[in-house]
$ cat work.csv   # CSV, C-alpha atoms
chain,number,residue,atom,x,y,z
B,1,MET,CA,28.3,-16.2,62.1
B,2,THR,CA,26.0,-18.9,63.6
B,3,LEU,CA,27.6,-21.4,66.0
B,4,ARG,CA,25.9,-24.6,67.0
B,5,VAL,CA,26.8,-25.7,70.5
B,6,LYS,CA,26.1,-29.2,71.7
B,7,MET,CA,24.8,-29.6,75.3
B,8,PHE,CA,25.2,-32.6,77.6
B,9,ALA,CA,24.0,-33.8,81.0
B,10,ARG,CA,22.9,-31.0,83.4
B,11,THR,CA,23.8,-28.2,80.9
B,12,ARG,CA,21.3,-29.8,78.4
B,13,ASP,CA,18.6,-30.0,81.1
B,14,LEU,CA,19.3,-26.3,82.1
B,15,ALA,CA,19.4,-25.1,78.5
B,16,GLY,CA,16.3,-27.2,77.6
B,17,ALA,CA,17.9,-28.4,74.4
B,18,GLY,CA,20.7,-30.6,73.1
B,19,GLU,CA,21.9,-27.9,70.8
B,20,ILE,CA,21.9,-24.1,71.1
B,21,LEU,CA,22.5,-21.7,68.2
B,22,VAL,CA,24.5,-18.6,69.1
B,23,GLU,CA,25.1,-15.6,66.8
B,24,LEU,CA,28.6,-14.1,67.2
B,25,ALA,CA,30.8,-11.7,65.1
B,26,ASP,CA,33.3,-13.3,62.8
B,27,GLY,CA,36.6,-13.9,64.6
B,28,SER,CA,35.0,-14.4,68.0
B,29,ARG,CA,36.8,-16.6,70.5
B,30,VAL,CA,35.8,-19.1,73.1
B,31,ARG,CA,35.6,-16.4,75.8
B,32,ASP,CA,33.1,-14.5,73.6
B,33,LEU,CA,31.0,-17.6,73.2
B,34,ARG,CA,31.0,-18.2,76.9
B,35,LYS,CA,29.6,-14.7,77.5
B,36,ALA,CA,27.0,-15.2,74.8
B,37,LEU,CA,25.9,-18.5,76.4
B,38,ALA,CA,25.5,-16.8,79.8
B,39,THR,CA,23.3,-14.2,78.2
B,40,LYS,CA,21.3,-16.6,76.1
B,41,CYS,CA,20.8,-19.2,78.8
B,42,PRO,CA,20.8,-17.5,82.2
B,43,ALA,CA,20.0,-20.8,83.8
B,44,LEU,CA,23.5,-22.0,83.0
B,45,ALA,CA,25.1,-19.3,85.1
B,46,GLY,CA,26.3,-21.3,88.1
B,47,LEU,CA,27.5,-24.3,86.0
B,48,LEU,CA,29.1,-22.4,83.1
B,49,ASP,CA,32.2,-21.4,85.0
B,50,HIS,CA,32.9,-25.1,85.7
B,51,CYS,CA,32.4,-26.1,82.0
B,52,VAL,CA,35.1,-26.4,79.3
B,53,LEU,CA,34.4,-25.9,75.6
B,54,ALA,CA,35.4,-28.5,73.1
B,55,VAL,CA,36.1,-27.5,69.5
B,56,ASP,CA,36.3,-30.3,66.9
B,57,SER,CA,36.6,-32.9,69.7
B,58,GLU,CA,39.5,-31.2,71.4
B,59,PHE,CA,39.5,-29.2,74.7
B,60,ALA,CA,39.7,-25.5,73.7
B,61,ASP,CA,41.2,-22.6,75.7
B,62,GLU,CA,39.6,-19.2,76.0
B,63,ASP,CA,41.7,-17.8,73.1
B,64,THR,CA,40.6,-20.3,70.6
B,65,GLU,CA,39.1,-18.6,67.5
B,66,LEU,CA,35.8,-20.1,66.3
B,67,CYS,CA,34.1,-20.4,62.9
B,68,SER,CA,30.7,-21.7,61.9
B,69,GLU,CA,32.2,-25.0,60.6
B,70,ASN,CA,33.5,-26.0,64.0
B,71,GLU,CA,31.8,-28.7,66.0
B,72,ILE,CA,31.4,-27.0,69.4
B,73,ALA,CA,30.3,-28.7,72.7
B,74,LEU,CA,29.9,-27.3,76.1
B,75,LEU,CA,31.2,-29.9,78.6
B,76,PRO,CA,30.3,-29.9,82.2
B,77,PRO,CA,32.6,-31.7,84.6
B,78,VAL,CA,32.9,-35.3,83.5
B,79,SER,CA,31.8,-38.2,85.7
B,80,GLY,CA,32.4,-41.4,83.7
B,81,GLY,CA,33.8,-44.6,85.2
C,1,MET,CA,40.6,-51.6,71.6
C,2,ILE,CA,38.3,-48.8,72.5
C,3,ARG,CA,34.5,-49.1,72.7
C,4,LEU,CA,31.4,-47.4,73.9
C,5,THR,CA,28.5,-49.8,74.2
C,6,ARG,CA,24.9,-50.0,75.3
C,7,ASP,CA,25.2,-53.8,75.9
C,8,GLU,CA,26.5,-55.6,79.0
C,9,ILE,CA,30.3,-55.6,79.1
C,10,ASP,CA,31.7,-59.1,78.5
C,11,TYR,CA,34.8,-58.7,80.8
C,12,HIS,CA,35.8,-62.3,80.3
C,13,ALA,CA,36.1,-61.8,76.5
C,14,LEU,CA,37.7,-58.4,77.1
C,15,THR,CA,40.3,-60.0,79.3
C,16,GLU,CA,41.0,-62.9,77.0
C,17,GLY,CA,41.5,-60.4,74.2
C,18,VAL,CA,44.5,-58.8,75.8
C,19,ARG,CA,46.4,-62.0,76.8
C,20,ARG,CA,49.7,-62.4,75.0
C,21,ASN,CA,52.4,-65.1,75.3
C,22,SER,CA,54.9,-62.3,75.8
C,23,CYS,CA,53.0,-61.0,78.8
C,24,GLY,CA,53.1,-62.7,82.1
C,25,ALA,CA,50.7,-60.3,83.8
C,26,VAL,CA,47.1,-59.3,83.0
C,27,VAL,CA,45.1,-56.7,85.0
C,28,THR,CA,41.4,-56.1,84.6
C,29,PHE,CA,39.7,-53.2,86.3
C,30,LEU,CA,35.9,-53.2,86.5
C,31,GLY,CA,33.9,-50.2,87.7
C,32,THR,CA,30.4,-51.2,89.0
C,33,VAL,CA,27.3,-49.4,90.2
C,34,ARG,CA,27.7,-49.0,94.0
C,35,ASP,CA,24.8,-48.9,96.4
C,36,LEU,CA,25.8,-45.9,98.6
C,37,THR,CA,27.2,-42.4,98.1
C,38,GLY,CA,27.6,-41.0,101.6
C,39,ASP,CA,24.3,-41.9,103.1
C,40,LYS,CA,22.3,-41.7,99.8
C,41,GLU,CA,21.2,-44.9,98.2
C,42,THR,CA,21.5,-45.5,94.4
C,43,VAL,CA,19.1,-47.7,92.5
C,44,ALA,CA,20.5,-47.0,89.0
C,45,LEU,CA,22.9,-44.8,87.0
C,46,ASP,CA,22.2,-43.3,83.6
C,47,TYR,CA,25.4,-42.8,81.5
C,48,GLU,CA,25.7,-40.6,78.5
C,49,ALA,CA,28.6,-39.6,76.3
C,50,TYR,CA,29.7,-37.1,73.7
C,51,PRO,CA,30.5,-40.2,71.6
C,52,GLY,CA,33.1,-38.9,69.0
C,53,MET,CA,35.1,-37.1,71.5
C,54,ALA,CA,34.9,-39.8,74.1
C,55,GLU,CA,36.3,-42.3,71.7
C,56,LYS,CA,39.0,-39.9,70.6
C,57,LYS,CA,40.1,-39.3,74.2
C,58,MET,CA,40.0,-43.0,75.0
C,59,ALA,CA,42.3,-43.6,72.0
C,60,GLU,CA,44.6,-40.9,73.2
C,61,ILE,CA,44.7,-42.6,76.7
C,62,GLU,CA,45.5,-45.9,75.1
C,63,ALA,CA,48.4,-44.3,73.1
C,64,GLU,CA,49.6,-42.5,76.2
C,65,THR,CA,49.5,-45.7,78.3
C,66,ARG,CA,51.3,-47.7,75.6
C,67,GLY,CA,54.0,-44.9,75.5
C,68,ARG,CA,54.8,-45.2,79.2
C,69,TRP,CA,54.5,-48.9,79.9
C,70,PRO,CA,55.4,-52.0,77.9
C,71,VAL,CA,51.8,-52.9,77.1
C,72,GLY,CA,51.1,-56.0,75.1
C,73,GLU,CA,47.5,-55.3,74.5
C,74,ILE,CA,44.9,-53.0,76.1
C,75,ALA,CA,41.1,-52.8,75.9
C,76,MET,CA,38.9,-50.1,77.3
C,77,GLU,CA,35.1,-50.3,77.2
C,78,HIS,CA,32.5,-48.0,78.7
C,79,ARG,CA,28.8,-48.7,78.9
C,80,LEU,CA,26.1,-46.1,78.2
C,81,GLY,CA,22.4,-46.1,79.1
C,82,THR,CA,20.7,-47.1,82.3
C,83,LEU,CA,22.7,-49.5,84.6
C,84,LYS,CA,21.2,-51.1,87.7
C,85,LEU,CA,22.9,-51.6,91.0
C,86,GLY,CA,25.9,-53.9,90.6
C,87,GLU,CA,26.2,-53.7,86.8
C,88,ILE,CA,29.5,-53.0,85.2
C,89,SER,CA,29.9,-49.5,83.8
C,90,VAL,CA,33.5,-49.6,82.7
C,91,ALA,CA,36.3,-52.1,82.1
C,92,VAL,CA,40.0,-51.7,81.4
C,93,ALA,CA,42.0,-54.8,80.7
C,94,LEU,CA,45.7,-54.9,79.7
C,95,SER,CA,48.7,-57.1,79.6
C,96,CYS,CA,52.4,-56.4,80.3
C,97,PRO,CA,55.4,-58.7,80.7
C,98,HIS,CA,55.4,-58.1,84.5
C,99,ARG,CA,52.8,-57.3,87.1
C,100,ALA,CA,54.2,-54.0,88.5
C,101,ASP,CA,53.9,-52.4,85.1
C,102,ALA,CA,50.5,-54.0,84.5
C,103,PHE,CA,49.0,-52.6,87.7
C,104,GLU,CA,50.5,-49.2,87.2
C,105,ALA,CA,49.4,-49.0,83.6
C,106,CYS,CA,45.8,-50.1,84.3
C,107,ARG,CA,45.6,-47.6,87.2
C,108,HIS,CA,46.8,-44.8,84.9
C,109,ALA,CA,44.3,-45.7,82.1
C,110,ILE,CA,41.2,-45.8,84.4
C,111,ASP,CA,42.3,-42.6,86.3
C,112,ARG,CA,42.8,-40.7,83.0
C,113,LEU,CA,39.5,-42.0,81.6
C,114,LYS,CA,37.7,-40.7,84.7
C,115,GLU,CA,39.5,-37.3,84.4
C,116,LEU,CA,39.3,-36.7,80.6
C,117,VAL,CA,36.7,-38.6,78.8
C,118,PRO,CA,33.4,-36.7,78.2
C,119,ILE,CA,31.0,-39.2,79.8
C,120,TRP,CA,28.5,-38.3,82.5
C,121,LYS,CA,26.4,-40.2,85.0
C,122,LYS,CA,23.0,-39.3,86.5
C,123,GLU,CA,22.2,-40.7,89.9
C,124,ASN,CA,18.7,-42.3,90.3
C,125,TRP,CA,18.3,-42.2,94.1
C,126,ALA,CA,16.1,-44.5,96.1
C,127,ASP,CA,13.8,-41.7,97.0
C,128,GLY,CA,12.9,-41.3,93.3
C,129,SER,CA,14.9,-38.1,92.6
C,130,THR,CA,17.6,-37.8,90.0
C,131,GLU,CA,20.9,-35.8,89.9
C,132,TRP,CA,23.6,-35.4,87.3
C,133,VAL,CA,27.0,-35.9,88.8
C,134,HIS,CA,29.4,-33.0,88.0
C,135,PRO,CA,32.4,-33.1,90.4
C,136,GLY,CA,33.4,-29.7,91.7
C,137,ALA,CA,30.2,-28.0,90.5
C,138,GLU,CA,27.6,-29.3,93.0

$ encode --input "work.csv" --output "structure tokens"
Amino acid sequence: MTLRVKMFARTRDLAGAGEILVELADGSRVRDLRKALATKCPALAGLLDHCVLAVDSEFADEDTELCSENEIALLPPVSGG
Amino acid sequence: MIRLTRDEIDYHALTEGVRRNSCGAVVTFLGTVRDLTGDKETVALDYEAYPGMAEKKMAEIEAETRGRWPVGEIAMEHRLGTLKLGEISVAVALSCPHRADAFEACRHAIDRLKELVPIWKKENWADGSTEWVHPGAE
């Protein structure tokens, strides 16, 4: 399946795009996506461990199963306010 | 009331909008662009959001705040785009029957906003360099 991952702030600058496409086996989980992002975008390495993934606008844990219909976003530590 | 905006925040209108005859206390918090972070000088901040999720999380914070304090009305607004020194980036206004609840509830709402809502700021330092702010990941 193909997952589209939205990127923001420094993760977008490091990835060089606002959205990254990642190919993963069906049934993959957030932890698999995290590994795939590290491989696809080595520049994210230092920041990735500090990021959370959001699935359909909700914070997702590492066990969350993904599908190609999900809206997925990689969120670096927030700094609004 | 929850809003992301690229326009100036009208905090007078926001505050008026939460006033209720049942509420004897109104608290408005404004976050503004500060000049110094440590010894580094800021000339502007760029704010961006993940809009759908930011609004969803702000709505959850509104519901959570209403669940814990007797809020008459609450309004939260965050500005996006480039803000110059002194401009208002965020406003939280709310009313409660009494001031102790109003202060606590407002403090809770802004603290949760800063903790949870997917919004990011980029420093534009006086030396011309820029830097995204990602607490804990510097």

$ interface_residues --input "work.csv" --of "chain C" --to "chain B" --cutoff "12 Å" --atoms "only C-alpha atoms" --output "PDB file with C-alpha atoms, keeping the file's coordinate frame"
ATOM      1  CA  LEU C   4      31.400 -47.400  73.900  1.00  0.00           C
ATOM      2  CA  PHE C  29      39.700 -53.200  86.300  1.00  0.00           C
ATOM      3  CA  LEU C  30      35.900 -53.200  86.500  1.00  0.00           C
ATOM      4  CA  GLY C  31      33.900 -50.200  87.700  1.00  0.00           C
ATOM      5  CA  THR C  32      30.400 -51.200  89.000  1.00  0.00           C
ATOM      6  CA  VAL C  33      27.300 -49.400  90.200  1.00  0.00           C
ATOM      7  CA  ARG C  34      27.700 -49.000  94.000  1.00  0.00           C
ATOM      8  CA  LEU C  45      22.900 -44.800  87.000  1.00  0.00           C
ATOM      9  CA  ASP C  46      22.200 -43.300  83.600  1.00  0.00           C
ATOM     10  CA  TYR C  47      25.400 -42.800  81.500  1.00  0.00           C
ATOM     11  CA  GLU C  48      25.700 -40.600  78.500  1.00  0.00           C
ATOM     12  CA  ALA C  49      28.600 -39.600  76.300  1.00  0.00           C
ATOM     13  CA  TYR C  50      29.700 -37.100  73.700  1.00  0.00           C
ATOM     14  CA  PRO C  51      30.500 -40.200  71.600  1.00  0.00           C
ATOM     15  CA  GLY C  52      33.100 -38.900  69.000  1.00  0.00           C
ATOM     16  CA  MET C  53      35.100 -37.100  71.500  1.00  0.00           C
ATOM     17  CA  ALA C  54      34.900 -39.800  74.100  1.00  0.00           C
ATOM     18  CA  GLU C  55      36.300 -42.300  71.700  1.00  0.00           C
ATOM     19  CA  LYS C  56      39.000 -39.900  70.600  1.00  0.00           C
ATOM     20  CA  LYS C  57      40.100 -39.300  74.200  1.00  0.00           C
ATOM     21  CA  MET C  58      40.000 -43.000  75.000  1.00  0.00           C
ATOM     22  CA  GLU C  60      44.600 -40.900  73.200  1.00  0.00           C
ATOM     23  CA  MET C  76      38.900 -50.100  77.300  1.00  0.00           C
ATOM     24  CA  GLU C  77      35.100 -50.300  77.200  1.00  0.00           C
ATOM     25  CA  HIS C  78      32.500 -48.000  78.700  1.00  0.00           C
ATOM     26  CA  ARG C  79      28.800 -48.700  78.900  1.00  0.00           C
ATOM     27  CA  LEU C  80      26.100 -46.100  78.200  1.00  0.00           C
ATOM     28  CA  GLY C  81      22.400 -46.100  79.100  1.00  0.00           C
ATOM     29  CA  GLU C  87      26.200 -53.700  86.800  1.00  0.00           C
ATOM     30  CA  ILE C  88      29.500 -53.000  85.200  1.00  0.00           C
ATOM     31  CA  SER C  89      29.900 -49.500  83.800  1.00  0.00           C
ATOM     32  CA  VAL C  90      33.500 -49.600  82.700  1.00  0.00           C
ATOM     33  CA  ALA C  91      36.300 -52.100  82.100  1.00  0.00           C
ATOM     34  CA  VAL C  92      40.000 -51.700  81.400  1.00  0.00           C
ATOM     35  CA  ALA C 109      44.300 -45.700  82.100  1.00  0.00           C
ATOM     36  CA  ILE C 110      41.200 -45.800  84.400  1.00  0.00           C
ATOM     37  CA  ASP C 111      42.300 -42.600  86.300  1.00  0.00           C
ATOM     38  CA  ARG C 112      42.800 -40.700  83.000  1.00  0.00           C
ATOM     39  CA  LEU C 113      39.500 -42.000  81.600  1.00  0.00           C
ATOM     40  CA  LYS C 114      37.700 -40.700  84.700  1.00  0.00           C
ATOM     41  CA  GLU C 115      39.500 -37.300  84.400  1.00  0.00           C
ATOM     42  CA  LEU C 116      39.300 -36.700  80.600  1.00  0.00           C
ATOM     43  CA  VAL C 117      36.700 -38.600  78.800  1.00  0.00           C
ATOM     44  CA  PRO C 118      33.400 -36.700  78.200  1.00  0.00           C
ATOM     45  CA  ILE C 119      31.000 -39.200  79.800  1.00  0.00           C
ATOM     46  CA  TRP C 120      28.500 -38.300  82.500  1.00  0.00           C
ATOM     47  CA  LYS C 121      26.400 -40.200  85.000  1.00  0.00           C
ATOM     48  CA  LYS C 122      23.000 -39.300  86.500  1.00  0.00           C
ATOM     49  CA  GLU C 123      22.200 -40.700  89.900  1.00  0.00           C
ATOM     50  CA  THR C 130      17.600 -37.800  90.000  1.00  0.00           C
ATOM     51  CA  GLU C 131      20.900 -35.800  89.900  1.00  0.00           C
ATOM     52  CA  TRP C 132      23.600 -35.400  87.300  1.00  0.00           C
ATOM     53  CA  VAL C 133      27.000 -35.900  88.800  1.00  0.00           C
ATOM     54  CA  HIS C 134      29.400 -33.000  88.000  1.00  0.00           C
ATOM     55  CA  PRO C 135      32.400 -33.100  90.400  1.00  0.00           C
ATOM     56  CA  GLY C 136      33.400 -29.700  91.700  1.00  0.00           C
ATOM     57  CA  ALA C 137      30.200 -28.000  90.500  1.00  0.00           C
ATOM     58  CA  GLU C 138      27.600 -29.300  93.000  1.00  0.00           C
TER      59      GLU C 138
END

$ residues_around --input "work.csv" --residues "C:Thr65" --least-positions-apart "4" --cutoff "10 Å" --atoms "only C-alpha atoms" --output "VMD selection string"
chain C and resid 59 to 61 69 to 71 74 104 to 109 112

$ atom_distance --input "work.csv" --atom1 "atom CA of B:Leu74" --atom2 "atom CA of B:Ile20"
10.0 Å

$ atom_distance --input "work.csv" --atom1 "atom CA of C:Ile2" --atom2 "atom CA of B:Val52"
23.6 Å

$ atom_distance --input "work.csv" --atom1 "atom CA of B:Cys67" --atom2 "atom CA of B:Val22"
11.6 Å

$ closest_residue --input "work.csv" --among "C:Gly128, C:Gly86, C:Gly72, C:Pro97" --to "C:Val18" --atoms "all atoms listed in the file"
C:Gly72

$ closest_residue --input "work.csv" --among "B:Leu21, B:Leu44, B:Leu14, B:Lys35" --to "B:Glu71" --atoms "only C-alpha atoms"
B:Leu21

$ residues_around --input "work.csv" --residues "B:Arg31" --least-positions-apart "3" --cutoff "12 Å" --atoms "all atoms listed in the file" --output "list in words"
Leu24, Gly27, Ser28, Arg34, Lys35, Ala36, Leu37, Ala38, Leu48, Asp49, Cys51, Val52, Leu53, Ala60, Asp61, Glu62, Asp63, Thr64, Glu65 and Leu66 of chain B

$ closest_residue --input "work.csv" --among "C:Arg19, C:Arg68, C:Ala25, C:Ala13" --to "C:Cys96" --atoms "only C-alpha atoms"
C:Ala25

$ closest_residue --input "work.csv" --among "B:Leu33, B:Ile72, B:Met1, B:Ala45" --to "B:Glu19" --atoms "all atoms listed in the file"
B:Ile72

$ build_atoms --input "work.csv" --residues "stretch 81-109 of chain C" --atoms "N, CA and C atoms" --output "compact mmCIF listing (two decimals), in the frame of the given file"
# COMPACT_ATOMS: atom_id res chain seq x y z
N GLY C 81 23.80 -45.69 78.84
CA GLY C 81 22.40 -46.10 79.10
C GLY C 81 22.16 -46.24 80.57
N THR C 82 21.08 -46.95 80.90
CA THR C 82 20.70 -47.10 82.30
C THR C 82 21.29 -48.42 82.86
N LEU C 83 22.03 -48.29 83.96
CA LEU C 83 22.70 -49.50 84.60
C LEU C 83 22.10 -49.60 86.02
N LYS C 84 21.71 -50.81 86.33
CA LYS C 84 21.20 -51.10 87.70
C LYS C 84 22.32 -51.36 88.65
N LEU C 85 21.96 -51.33 89.91
CA LEU C 85 22.90 -51.60 91.00
C LEU C 85 23.72 -52.88 90.67
N GLY C 86 25.04 -52.79 90.82
CA GLY C 86 25.90 -53.90 90.60
C GLY C 86 26.37 -54.16 89.20
N GLU C 87 25.75 -53.50 88.23
CA GLU C 87 26.20 -53.70 86.80
C GLU C 87 27.51 -53.01 86.57
N ILE C 88 28.18 -53.48 85.51
CA ILE C 88 29.50 -53.00 85.20
C ILE C 88 29.40 -51.80 84.22
N SER C 89 29.98 -50.66 84.64
CA SER C 89 29.90 -49.50 83.80
C SER C 89 31.15 -49.30 82.94
N VAL C 90 32.29 -49.77 83.43
CA VAL C 90 33.50 -49.60 82.70
C VAL C 90 34.47 -50.75 82.95
N ALA C 91 35.25 -51.08 81.93
CA ALA C 91 36.30 -52.10 82.10
C ALA C 91 37.54 -51.69 81.37
N VAL C 92 38.67 -51.89 82.04
CA VAL C 92 40.00 -51.70 81.40
C VAL C 92 40.78 -52.95 81.65
N ALA C 93 41.20 -53.58 80.57
CA ALA C 93 42.00 -54.80 80.70
C ALA C 93 43.31 -54.55 79.90
N LEU C 94 44.42 -54.96 80.47
CA LEU C 94 45.70 -54.90 79.70
C LEU C 94 46.68 -55.90 80.20
N SER C 95 47.65 -56.12 79.32
CA SER C 95 48.70 -57.10 79.60
C SER C 95 50.06 -56.38 79.50
N CYS C 96 51.01 -56.83 80.35
CA CYS C 96 52.40 -56.40 80.30
C CYS C 96 53.27 -57.61 80.63
N PRO C 97 54.56 -57.54 80.31
CA PRO C 97 55.40 -58.70 80.70
C PRO C 97 55.40 -58.98 82.16
N HIS C 98 55.35 -57.93 83.02
CA HIS C 98 55.40 -58.10 84.50
C HIS C 98 54.32 -57.37 85.20
N ARG C 99 53.99 -57.82 86.42
CA ARG C 99 52.80 -57.30 87.10
C ARG C 99 52.90 -55.87 87.56
N ALA C 100 54.09 -55.41 87.98
CA ALA C 100 54.20 -54.00 88.50
C ALA C 100 53.77 -53.05 87.39
N ASP C 101 54.26 -53.26 86.19
CA ASP C 101 53.90 -52.40 85.10
C ASP C 101 52.39 -52.54 84.75
N ALA C 102 51.90 -53.76 84.80
CA ALA C 102 50.50 -54.00 84.50
C ALA C 102 49.56 -53.26 85.42
N PHE C 103 49.85 -53.35 86.73
CA PHE C 103 49.00 -52.60 87.70
C PHE C 103 49.10 -51.13 87.50
N GLU C 104 50.32 -50.60 87.35
CA GLU C 104 50.50 -49.20 87.20
C GLU C 104 49.79 -48.65 85.92
N ALA C 105 49.97 -49.39 84.84
CA ALA C 105 49.40 -49.00 83.60
C ALA C 105 47.88 -48.97 83.61
N CYS C 106 47.31 -49.98 84.25
CA CYS C 106 45.80 -50.10 84.30
C CYS C 106 45.30 -48.95 85.22
N ARG C 107 45.99 -48.68 86.32
CA ARG C 107 45.60 -47.60 87.20
C ARG C 107 45.63 -46.25 86.46
N HIS C 108 46.68 -46.06 85.68
CA HIS C 108 46.80 -44.80 84.90
C HIS C 108 45.65 -44.70 83.91
N ALA C 109 45.36 -45.76 83.19
CA ALA C 109 44.30 -45.70 82.10
C ALA C 109 42.95 -45.39 82.74
